[in-house]
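Enquirer: First the structure, which I've put down as structure tokens, then a few questions once you've had a look.
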Amino acid sequence: IINKDMILPPEYIVKSLPGTQLNLKNGASIVSYSPLKFYGTETNPISIQSDDGMGRGIVVLNTGKSASKFYHVVFSNLSRPKGFGWSLTSAITFYESEVHVDKSSFLENHDSDDYLNIFRSDFSITRSKFSNSFADALDIDFSNGNITDVLFLECGTKDKNGDCLDISGST
């Protein structure tokens, strides 16, 4: 249980192994200046959720070419980080931070314009699913990458102007 903001400094690698369950409560966020390496399995995925619906999500900032990797991770019931003197629009944000996502699910976000926002970053998203996003499911801004075999279901369930996929200035 993470019930207050967790700030991870630069120059580390933060690892999580199969079966890890992170429950963000009481408005808690994870803000990382280091890459995250979360390796679940099909039978023992990693879960990042908010049971109380108050979890404020994850932001990864300025990790450069040291990539974050998410395999078999289930994100659910998250909203956007705020309260640091700034507020983001996405439940999960990668800013100038390379990220690779495979066989992961993004379920039931609320109170955010995007579920996952990748900004000025290299990326790949494969064999993954976005379901029941509040507004946009996936927002890619000024980034380079690949999206392969990704399923989008019920995008913009609360904000009827939401998109499944929103790409701006990206390749």
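Simple scheme: letters A, B, ... for chains in structure tokens order, numbers from 1 for residues in each chain, numbers from 1 for ligands in the order shown.
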Show which residues sit within 8 Å of Gly55 (chain A), as a ChimeraX atom specification. Count only C-alpha atoms, and ignore same-chain residues fewer than 3 positions away.
Expert: /A:23-29,49-52,77-79
Enquirer: Please identify all polymer residues within 9 Å of region 131-140 of chain A, counting only C-alpha atoms, omitting same-chain residues fewer than 6 positions from it, and present them as a ChimeraX atom specification.
Expert: /A:90,105-121,151-170
Enquirer: At what distance in Å, to one decimal, does CA of Phe123 (chain A) lie from CA of Met6 (chain A)?
Expert: 24.1 Å
Enquirer: How close does region 21-65 of chain A get to region 86-89 of chain A? List, as JSON lines, each residue of region 21-65 of chain A within 10 Å, its nearest atom pair and the distance in Å to one decimal, counting only C-alpha atoms.
Expert:
{"residue": "A:Arg56", "atom": "CA", "partner": "A:Leu88", "partner_atom": "CA", "distance": 9.9}
{"residue": "A:Gly57", "atom": "CA", "partner": "A:Leu88", "partner_atom": "CA", "distance": 10.0}
{"residue": "A:Val59", "atom": "CA", "partner": "A:Leu88", "partner_atom": "CA", "distance": 8.7}
Enquirer: For the selection just defined, write its residues with N, CA, C and O atoms to a file, as a PDB file, in the first residue's frame.
Expert:
ATOM      1  N   ARG A  56      -3.350   8.534  -7.574  1.00  0.00           N
ATOM      2  CA  ARG A  56      -3.080   9.569  -8.565  1.00  0.00           C
ATOM      3  C   ARG A  56      -2.098   9.161  -9.652  1.00  0.00           C
ATOM      4  O   ARG A  56      -1.554  10.006 -10.329  1.00  0.00           O
ATOM      5  N   GLY A  57      -1.827   7.903  -9.836  1.00  0.00           N
ATOM      6  CA  GLY A  57      -1.085   7.458 -10.990  1.00  0.00           C
ATOM      7  C   GLY A  57       0.417   7.594 -10.909  1.00  0.00           C
ATOM      8  O   GLY A  57       1.005   7.735  -9.834  1.00  0.00           O
ATOM      9  N   VAL A  59       4.122   9.105 -12.949  1.00  0.00           N
ATOM     10  CA  VAL A  59       4.802   9.944 -13.932  1.00  0.00           C
ATOM     11  C   VAL A  59       6.287   9.581 -13.903  1.00  0.00           C
ATOM     12  O   VAL A  59       6.884   9.454 -12.836  1.00  0.00           O
TER      13      VAL A  59
END
Enquirer: So which residues touch Thr171 (chain A) within 7 Å, counting only C-alpha atoms, skipping near sequence neighbours fewer than 5 positions away, as a list in words?
Expert: Ser143, Asn144 and Gly145 of chain A
Enquirer: Apply DSSP to the structure's backbone, then extract all residues of region 12-157 of chain A labelled strand (DSSP E) and return them as a ChimeraX atom specification.
Expert: /A:14-16,21-23,30-32,36-39,46-49,58-71,73-76,90-102,105-107,114-119,122-126,129-131,136-141,144-148,151-153
Enquirer: Sorted by chain and rising residue number, list the residues of region 41-72 of chain A at most 12 Å from region 12-15 of chain A (counting only C-alpha atoms), each with its closest atom pair and distance in Å to one decimal, as JSON lines.
Expert:
{"residue": "A:Ile46", "atom": "CA", "partner": "A:Lys15", "partner_atom": "CA", "distance": 11.2}
{"residue": "A:Val60", "atom": "CA", "partner": "A:Val14", "partner_atom": "CA", "distance": 11.3}
{"residue": "A:Thr63", "atom": "CA", "partner": "A:Tyr12", "partner_atom": "CA", "distance": 9.8}
{"residue": "A:Ser66", "atom": "CA", "partner": "A:Ile13", "partner_atom": "CA", "distance": 8.9}
{"residue": "A:Ala67", "atom": "CA", "partner": "A:Ile13", "partner_atom": "CA", "distance": 9.6}
{"residue": "A:Ser68", "atom": "CA", "partner": "A:Ile13", "partner_atom": "CA", "distance": 8.8}
{"residue": "A:Lys69", "atom": "CA", "partner": "A:Lys15", "partner_atom": "CA", "distance": 9.4}
{"residue": "A:Phe70", "atom": "CA", "partner": "A:Lys15", "partner_atom": "CA", "distance": 10.1}
{"residue": "A:Tyr71", "atom": "CA", "partner": "A:Lys15", "partner_atom": "CA", "distance": 11.7}
